[in-house]
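*Asks:* Below you'll find the structure I mean.
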Amino acid sequence: DREINTTDPKYYKWTQWIFLKLFKAGLAYKTEMPINWCTSCKVGLANEEVVNGVCERCGSEVVRKVKSQWMLKITAYAEKLIEGLDTVDYIERVKVSQKNWIGKSTGAEVDFVLKDKEDKLTVYTTRPDTLFGVTYMVMSPEHPFIDKYKDSIKNWDDVVAYREMAAKKSDFERTEIAKDKTGVMLDGLTAVNPVNGKEIPVWISDYVLMTYGTGAIMAVPAHDERDWEFAKKFNMPIIEVVAGSPVDVNEAVFTDVATGTLVNSEFLNGLSVADAKKKIIEFLTEKGIGHEKTNYKLRDWVFSRQRYWGEPIPIVKCEKCGYVPLPESELPLELPDVESYMPTDNGESPLAHMTDWVNTTCPCCGGPAKRETDTMPQWAGSSWYFLRYVDNKNDKELVSKEKADKYLPVDMYIGGVEHAVLHLLYSRFYTKFLYDIGAIDFDEPFHKLFNQGMITGKNGIKMSKSKGNVVSPDDLVRDYGCDSLRIYELFVGPPELDAEWDDRGIDGVYRFLKKLWNLLMDSKDKDIKPTKEMIKVRHKLVYDITTRLESFSLNTVISAFMEHTNTLVAIAKKEGGVDRDTLDTLAVLLAPFAPHMACLLYTSDAADEEDSVD
């Protein structure tokens with residue numbers, strides 16, 4: 001009776017309600033965004049779904065296409081998401097993954113004047129102390145200055161060809177460190193280093209993304225591996241500015257520069273890295289050519305999908321009023337019936353063809369308006385489901401304060417490590433936002449997190465229907481029983497680690513359960529008086545199983561059963577059996593792991609019907 005279904009309108013009414021609250025708080029907005037576009041599937045793809053420039057699923061060419069997308073301003077919560085990690089019990093690897101994804105850094109924004117142009121090329125750098133080592137700059141192929149100064153760029157055809165090539169790559173491919181460095185120098189655009197007045201060339205290269213930072217970087221090849229490789233390939237100067245390299249920086253990059261002394265840096269010479277950072281930021285601020293800046297790698301959440309299956313976004317666009325939210329009383333806004341769920345050739349959602357549904361009136365002025373035809377991503381409903389479990393039939397509010405106070409936040413969340421960043425981050429973002437608007441009284445969704453490993457196929461490859469390496473449990477259940485399979489899965493290794501599937505070990509588990517069964521069957525009708533040894537083994541068994549279960553050491557829970565069963569079998573041979581309290585305790589402890597067998601063992605009438613485990 002606690003069941004939820006994120007696709008049920010009674011559930012997604014509240015998913016849409018959350019979106020409206022985000023919109024009204026200024027945290028949901030629409031903007032132009034480049035996406036990965038599969039030319040065959042005609043849908044946008046995540047970076048992970050693009051491999052070597054083609055769609056992972058169909059193998060067709062993927063191109064970059066600019067589309068208007070709904071965004072959630074998760075970046076507004078970047079600092080709170082970092083600070084909250086100090087209040088929860090997550091393994092360090094998960095905390096590090098979250099912090100790395102958010103990517104907080106401190107440094108400076110610096111303006112590089114474009115020679116004889118009205119604009120300045122602004123960059124963000126965590127190492128403003130190395131400004132005297134800048135020998136060139138790199139812009140993203142999508143940077144707007146490229147088109148703006150098209151007439152000044154003498155090698156425009158080369159630029160166009162390079163941009164077309166870059167458009168076929170995902171962000172992951174573009175920023176891969178090991179890939180060959182490519183780029184085109186913009187012949188006709190030159191920047192000026194603001195600290196020494198030297199003119200430096202401006203390049204475009206696909207390893208710089210328009211969606212991160214300012215879309216441009218300053219390159220210090222002596223102390224950055226990627227910049228060094230780029231400079232060597234295109235024969236550009238390399239200037240050491242932090243002393244300590246064991247070889248000439250023209251022969252090898254020197255990146256061990258977290259500490260050290262500045263050289264070749266005029267007024268910074270002789271200063272430590274820490275002191276040089278402070279002094280250069282003071283200099284930049286005083287001259288009006290830069291300022292201190294805290295930056296985050298985290299980008300706002302792309303919340304649009306151009307497909308039918310998803311929660312309709314409860315927004316209409318009015319020519320007079322702009323984007324207008326639906327009244328909460330009109331939720332849920334349900335999907336219309338359609339004849340075809342196929343994506344459109346121009347990249348619009350199938351809903352765009354449903355003119356009777358799309359055409360509506362503006363809730364604000366009553367004039368003609370059009371519904372939003374993009375739908376929400378699968379994350380929309382799955383980022384807050386844990387709140388609804390405790391009050392799933394409430395049609396008046398997301399969750400009642402009374403029930404939330406009783407059951408929430410979640411004490412223990414168990415999930416795969418693949419969810420350690422996005423799903424967890426989105427759930428934490430939703431929870432913090434709902435806390436801020438007073439919908440709930442806590443700002444972290446899960447007290448404790450446990451990441452279980454995965455049972456893989458041969459060679460550690462994830463089991464997948466597409467890979468054809470899925471193992472059906474039906475034959476094992478038929479031959480050994482489902483309890484044997486459950487126990488064996490727990491016994492294969494620590495639950496937090498991946499384990500390669502090998503069913504040869506199930507025989508040993510099956511023999512153990514037969515031994516346990518026969519021990520209890522042989523003793524259940526005997527009036528065995530407990531000895532001190534039996535009582536000691538019983539208490540030790542309770543302690544071992546309880547402590548190992550509470551620490552999630554499930555494989556050692558099974559080994560404890562095996563060890564104590566062997567001990568009890570030896571005692572039974574000596575004493576003629578085992579006392580009833582010990583037998584009952586064994587059955588109760590076994591129930592979470594082998595429930596069917598434990599039920600038969602504990603219920604004497606049922607056990608009487610069975611002569612052996614066979």
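By convention here, the chains of the structure tokens are called A, B, ... in the order presented, each chain's residues are numbered starting at 1, and ligands are numbered starting at 1 in the order presented.
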Go through stretch 266-372 of chain A residue by residue and, counting only C-alpha atoms, keep those with an atom at most 9 Å from stretch 188-204 of chain A; for each kept residue give the shortest atom pair and its distance in Å to one decimal, ordered by chain and increasing number, as a tab-separated table.
*Replies:*
```
residue	atom	partner	partner_atom	distance
A:Glu266	CA	A:Asn196	CA	8.8
A:Phe283	CA	A:Val195	CA	9.0
A:Leu284	CA	A:Val195	CA	8.4
A:Ile289	CA	A:Pro194	CA	7.2
```
*Asks:* Which polymer residues have any atom within 6 Å of an atom of stretch 399-411 of chain A, counting only C-alpha atoms, with same-chain residues fewer than 6 positions away left out, as a PyMOL selection string?
*Replies:* chain A and resi 391+445-448
*Asks:* Taking the DSSP secondary structure from the backbone, can you list the residues of stretch 251-482 of chain A that are alpha helix (DSSP H), as a ChimeraX atom specification?
*Replies:* /A:273-287,355-358,379-382,385-389,401-407,422-436,474-480,482
*Asks:* Kindly indicate which residue among A:Ser140, A:Ser349, A:Ser340, A:Thr125 lies nearest to A:Ala219, using only C-alpha atoms for the distances.
*Replies:*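 Of A:Ser140, A:Ser349, A:Ser340, A:Thr125, the one nearest A:Ala219, counting only C-alpha atoms, is A:Thr125.
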*Asks:* What is the atom CA of A:Leu490 to atom CA of A:Asn451 distance in Å?
*Replies:*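 Interatomic distance here is 14.6 Å.
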*Asks:* As a PyMOL selection string, please: the residues near A:Thr567 (cut-off 8 Å, only C-alpha atoms, same-chain neighbours under 4 positions excluded).
*Replies:* chain A and resi 537+563+571
*Asks:* Hey, which bits of stretch 334-402 of chain A sit within 10 Å of stretch 56-76 of chain A, and for each residue what's the closest pair of atoms and how far apart in Å (one decimal), counting only C-alpha atoms, rows by chain and increasing number, as a Markdown table?
*Replies:*
```
| residue | atom | partner | partner_atom | distance |
| --- | --- | --- | --- | --- |
| A:Gly347 | CA | A:Lys67 | CA | 8.6 |
| A:Glu348 | CA | A:Lys67 | CA | 9.5 |
| A:Glu372 | CA | A:Trp70 | CA | 9.9 |
| A:Asp374 | CA | A:Gln69 | CA | 8.3 |
| A:Thr375 | CA | A:Trp70 | CA | 9.4 |
| A:Met376 | CA | A:Trp70 | CA | 8.9 |
```
*Asks:* Pick out the residues sitting within 12 Å of A:Met463, and hand them over as number ranges by chain; count only C-alpha atoms, and ignore anything fewer than 4 positions along from it in its own chain.
*Replies:* A: 454-459, 467-472, 498-501
*Asks:* With distances taken over only C-alpha atoms, which of A:Gln452, A:Thr603, A:Ser205, A:Thr431 is nearest to A:Glu418?
*Replies:*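 When distances to A:Glu418 are compared using only C-alpha atoms, the smallest one comes from A:Gln452.
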*Asks:* Which polymer residues have any atom within 10 Å of an atom of A:Glu330, counting only C-alpha atoms, with same-chain residues fewer than 4 positions away left out, as a list in words?
*Replies:* Lys13, Pro314, Leu326 and Glu334 of chain A
*Asks:* Using only C-alpha atoms, determine which residues lie at most 8 Å from A:Ser105, disregarding the query and same-chain residues fewer than 6 positions distant; provide the list as a list in words.
*Replies:*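 That gives Thr126, Thr294, Asn295 and Tyr296 of chain A.
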*Asks:* Which of these, A:Ile102, A:Val242, A:Met139, A:Val249, has the shortest distance to A:Val263 once you count only C-alpha atoms?
*Replies:*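 Of all the options, A:Val242 lies closest to A:Val263.
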*Asks:* So that I can check the secondary structure, give me every residue of stretch 60-260 of chain A assigned strand (DSSP E or B) by backbone DSSP, as a PyMOL selection string.
*Replies:* chain A and resi 61-72+89+105-114+120-125+136-139+184-192+199-204+216-219+242
